[in-house]
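Have a look at the structure below before the remarks.
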Amino acid sequence: MARDTTDSRPVETVDELIAYLAKGEKPDSDWRIGTEHEKFPFFTDGHAPVPYEGERSIRTLLEGMQRMLGWEPILDEGRIIGLVEPTGQGAISLEPGGQFELSGAPLETIHQTCRESNAHLAQLREIAEPLGIRFLGLGGSPKWTLAQTPRMPKSRYDIMTRYMPKVGSQGLDMMYRTCTIQVNLDFASETDMRRKMQVGLKLQPLATALFANSPFTDGKPNGLQSWRGEIWRDTDNQRSGLLPICFSDSFGYADYVEWALDVPMYFSIREGRYHDLTRWTFRQFMEGELRNEIPDGLPNMGDWTNHLSTLFPDVRLKRFLEMRGADGGPWRRICALPAFWVGLLYDAEALDAAETLTRDWTFEEVQAMRDAVPAQGIGATHRGQSLREIAREVLAISKAGLASRARLNGDGYDETHFLGTLEEVVARNSTSAEEMLTAFNTRWGGSIEPVFLEYAY
């Protein structure tokens with residue numbers, strides 16, 4: 001999750017909120033790729049989760065990374081909860097259960113993204129290995145119960161932990177027991193944003209299927225390929241999932257703002273203190289109904305920025321678009337996820353082709369795919385066609401888009417090879433989750449423990 005921000009500029013009109021989003025527009029020459037990936041820390045002796053405090057702890061990892069990188073600490077009531085690169089080119093943050101996240105710098109190529117993730121993992125290993133800590137690349141915590149999972153000392157997470165059971169059955173599992181890989185992408189105009197948002201939402205179930213990597217819960221198979229995908233089906237449906245408004249031919253910034261205004265808030269920050277505002281919407285905040293709840297009682301731009309970061313649709317709009325459907329996974333997946341979406345959305349012909357393919361897909365059809373994918377993976381169907389076959393066509397579009405971009409590395413290779421791990425899923429007709437389940441039932445001898453060796457960073 002993003003670092004919470006403070007910006008005291010007052011917000012007085014809805015037009016200001018719309019303008020905030022529109023300021024994200026950039027010419028295609030300035031488009032960048034921001035990749036985020038999360039992983040579960042664990043102790044190599046016994047495979048227990050890593051607590052926040054102690055000699056071998058999350059806090060020790062953060063302090064070690066701070067010394068190594070020279071990044072500025074992010075503090076919450078005096079406790080280190082993350083790091084930020086001084087010029088804003090990346091950050092390290094904690095998810096509620098200790099999931100360690102790198103929010104990467106805005107980069108120009110997937111080659112740079114891979115180098116960035118490689119460097120991050122190498123730096124992290126240097127700090128973690130002497131402590132007997134490694135990291136697991138899965139979409140869901142495979143072994144630890146919710147009660148066994150540590151809780152990070154972040155004020156926003158305390159508010160969310162109290163609120164989640166009121167609005168869904170799986171919100172706490174989402175917070176404490178899932179990991180993702182995500183890519184943040186730019187847009188040139190409101191029309192460009194709409195096209196990318198719509199293609200992104202329609203193909204997000206396919207991404208969930210291709211990246212399905214969470215078949216275990218509490219030490220045993222859970223009957224799913226993407227437990228994380230299933231969790232998001234009932235987390236907080238007022239702010240999550242597909243957005244019907246986005247399927248309209250006229251969808252724009254104002255529509256997203258109007259939707260966001262009526263989603264309950266989580267918090268507001270005043271003088272470093274978090275105030276629980278889960279009983280109110282941002283619209284009520286703007287109408288002055290919180291004058292007796294927090295100092296000054298009226299919203300500022302920091303409140304709006306933070307509110308946008310607590311909305312969880314499958315594609316999230318801020319001053320960029322966030323593709324949010326994929327499970328966390330091994331290192332190759334960290335590179336594959338941005339490659340998949342960049343190939344589809346950053347090349348004009350590829351975007352045209354992806355839009356043509358999905359143009360008449362209805363909200364109900366995409367919702368049906370989203371509902372089927374957690375259990376069925378690429379075996380789910382759309383209009384009688386398996387997602388495996390649709391994936392073959394979509395990957396061809398993405399590959400053509402990457403080839404057209406022609407961003408070469410020092411050896412003269414373009415970005416297309418980063419799709420290899422997804423092409424293998426289609427060729428084998430088997431997701432990572434299915435391969436893990438096969439291993440569990442054969443060479444792992446019904447034990448979950450080998451996952452901590454084979455899927456560790």
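Going by the structure tokens order, chains are called A, B, ..., each with residues numbered from 1, while ligands are numbered from 1 in the order shown.
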Next on the checklist: as a list in words, please: the residues near stretch 273-282 of chain A (cut-off 6 Å, only C-alpha atoms, same-chain neighbours under 5 positions excluded).
Outcome noted: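 Residues near the query, excluding close chain neighbours: Leu261, Asp262, Val263, Pro264, Met265, Tyr266, Phe267 and Ser268 of chain A.
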Output for the residues just chosen: N, CA and C atoms as a PDB file, in the first residue's frame:
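Writing the result to part_22.pdb gives the following:
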```pdb
ATOM      1  N   LEU A 261     -16.556   9.536  -4.099  1.00  0.00           N
ATOM      2  CA  LEU A 261     -17.124  10.417  -3.083  1.00  0.00           C
ATOM      3  C   LEU A 261     -18.088   9.686  -2.157  1.00  0.00           C
ATOM      4  N   ASP A 262     -18.725   8.638  -2.649  1.00  0.00           N
ATOM      5  CA  ASP A 262     -19.733   7.932  -1.860  1.00  0.00           C
ATOM      6  C   ASP A 262     -19.236   6.622  -1.256  1.00  0.00           C
ATOM      7  N   VAL A 263     -17.942   6.352  -1.386  1.00  0.00           N
ATOM      8  CA  VAL A 263     -17.338   5.195  -0.724  1.00  0.00           C
ATOM      9  C   VAL A 263     -16.903   5.624   0.680  1.00  0.00           C
ATOM     10  N   PRO A 264     -17.233   4.862   1.726  1.00  0.00           N
ATOM     11  CA  PRO A 264     -16.795   5.234   3.073  1.00  0.00           C
ATOM     12  C   PRO A 264     -15.285   5.428   3.147  1.00  0.00           C
ATOM     13  N   MET A 265     -14.879   6.390   3.942  1.00  0.00           N
ATOM     14  CA  MET A 265     -13.469   6.656   4.137  1.00  0.00           C
ATOM     15  C   MET A 265     -12.889   5.668   5.143  1.00  0.00           C
ATOM     16  N   TYR A 266     -11.574   5.634   5.244  1.00  0.00           N
ATOM     17  CA  TYR A 266     -10.910   4.896   6.319  1.00  0.00           C
ATOM     18  C   TYR A 266     -10.417   5.846   7.407  1.00  0.00           C
ATOM     19  N   PHE A 267      -9.717   6.917   7.004  1.00  0.00           N
ATOM     20  CA  PHE A 267      -9.066   7.742   8.020  1.00  0.00           C
ATOM     21  C   PHE A 267      -8.769   9.128   7.468  1.00  0.00           C
ATOM     22  N   SER A 268      -8.417  10.020   8.377  1.00  0.00           N
ATOM     23  CA  SER A 268      -7.820  11.310   8.049  1.00  0.00           C
ATOM     24  C   SER A 268      -6.649  11.513   9.000  1.00  0.00           C
TER      25      SER A 268
END
```
Next on the checklist: Based on the backbone DSSP call, show me all residues of stretch 70-308 of chain A assigned strand (DSSP E), as a VMD selection string.
Outcome noted: chain A and resid 72 to 76 79 to 84 91 to 94 100 to 103 133 to 136 180 to 185 216 to 217 220 to 221 240 to 241 267 to 270 273 to 276
A:Ser309 surroundings by only C-alpha atoms, 12 Å radius, close-in-sequence under 5 positions cut, as a JSON list (two decimals) with C-alpha atoms, in the first residue's frame:
```json
[["chain", "number", "residue", "atom", "x", "y", "z"],
["A", 1, "MET", "CA", 0.00, 0.00, 0.00],
["A", 2, "ALA", "CA", 1.11, 3.52, -0.71],
["A", 3, "ARG", "CA", 2.71, 5.79, 1.81],
["A", 4, "ASP", "CA", 0.08, 8.00, 3.42],
["A", 5, "THR", "CA", 0.46, 11.63, 2.43],
["A", 156, "ARG", "CA", -4.12, 2.86, 9.22],
["A", 239, "ARG", "CA", -14.72, -0.21, -2.88],
["A", 240, "SER", "CA", -13.50, -3.36, -4.64],
["A", 260, "ALA", "CA", -15.26, 7.64, -4.89],
["A", 265, "MET", "CA", -13.47, 6.66, 4.14],
["A", 266, "TYR", "CA", -10.91, 4.90, 6.32],
["A", 267, "PHE", "CA", -9.07, 7.74, 8.02],
["A", 302, "GLY", "CA", -3.96, 14.96, 1.39],
["A", 303, "ASP", "CA", -7.26, 13.46, 2.54],
["A", 304, "TRP", "CA", -8.32, 13.01, -1.09],
["A", 315, "VAL", "CA", -7.92, -1.31, -11.93],
["A", 316, "ARG", "CA", -7.41, 1.71, -9.67],
["A", 317, "LEU", "CA", -7.34, 5.27, -10.99],
["A", 318, "LYS", "CA", -5.09, 7.81, -9.37],
["A", 319, "ARG", "CA", -2.76, 10.02, -11.41],
["A", 320, "PHE", "CA", -1.90, 6.74, -13.11],
["A", 321, "LEU", "CA", -3.62, 3.37, -13.52],
["A", 322, "GLU", "CA", -2.82, 0.42, -11.25]]
```
Next on the checklist: Nearest residue to A:Ala336 out of A:Glu423, A:Asp414, A:Glu126, A:Glu271, using only C-alpha atoms?
Outcome noted: A:Glu423
Item to check | Straight-line distance linking atom CA of A:Ile18 with atom CA of A:Glu190, stated in Å to one decimal | outcome: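 Going from atom CA of A:Ile18 over to atom CA of A:Glu190 covers 10.9 Å.
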Could you give me, as a compact mmCIF listing (two decimals) with C-alpha atoms, in the first residue's frame, the residues within 6 Å of A:Thr44, counting only C-alpha atoms and dropping anything in the same chain fewer than 3 positions from it?
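Everything below was put into out-v4.txt:
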```txt
# COMPACT_ATOMS: atom_id res chain seq x y z
CA HIS A 47 9.28 -21.58 8.45
CA GLY A 132 17.99 -16.57 9.06
CA ILE A 133 15.23 -14.87 7.09
```
Checklist entry - Which residues come within 12 Å of A:Gly379, counting only C-alpha atoms, excluding same-chain residues fewer than 3 positions away, as a list in words? => result Pro205, Leu206, Ala209, Leu210, Ala212, Gln225, Met369, Ala372, Val373, Pro374, Ala375, Gln376, His382, Gly384, Gln385, Ser386, Leu387, Arg388, Glu389, Ile390, Ala391, Val425, Val426, Asn429, Ser430, Thr431 and Glu434 of chain A
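Shortest separation to A:Pro221 among A:Gln112, A:Ser141, A:Thr381, A:Thr235 occurs at residue A:Ser141, atoms counted being only C-alpha atoms.
Within 8 Å of stretch 97-100 of chain A there are Glu38, Lys39, Phe40, Pro41, Val50, Pro51, Tyr52, Ile58, Ile92, Ser93, Thr149, Pro150, Arg151, Met152, Met175, Tyr176, Arg177 and Cys179 of chain A, counting only C-alpha atoms and ignoring same-chain residues fewer than 4 positions away.
Among the candidates A:Thr109, A:Thr438, A:Ser404, A:Asn306, the one nearest to A:Thr6 when counting only C-alpha atoms is A:Asn306.
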Checklist outcome for this item: As a check of understanding: the span from atom CA of A:Thr13 to atom CA of A:Pro299 is 10.5 Å
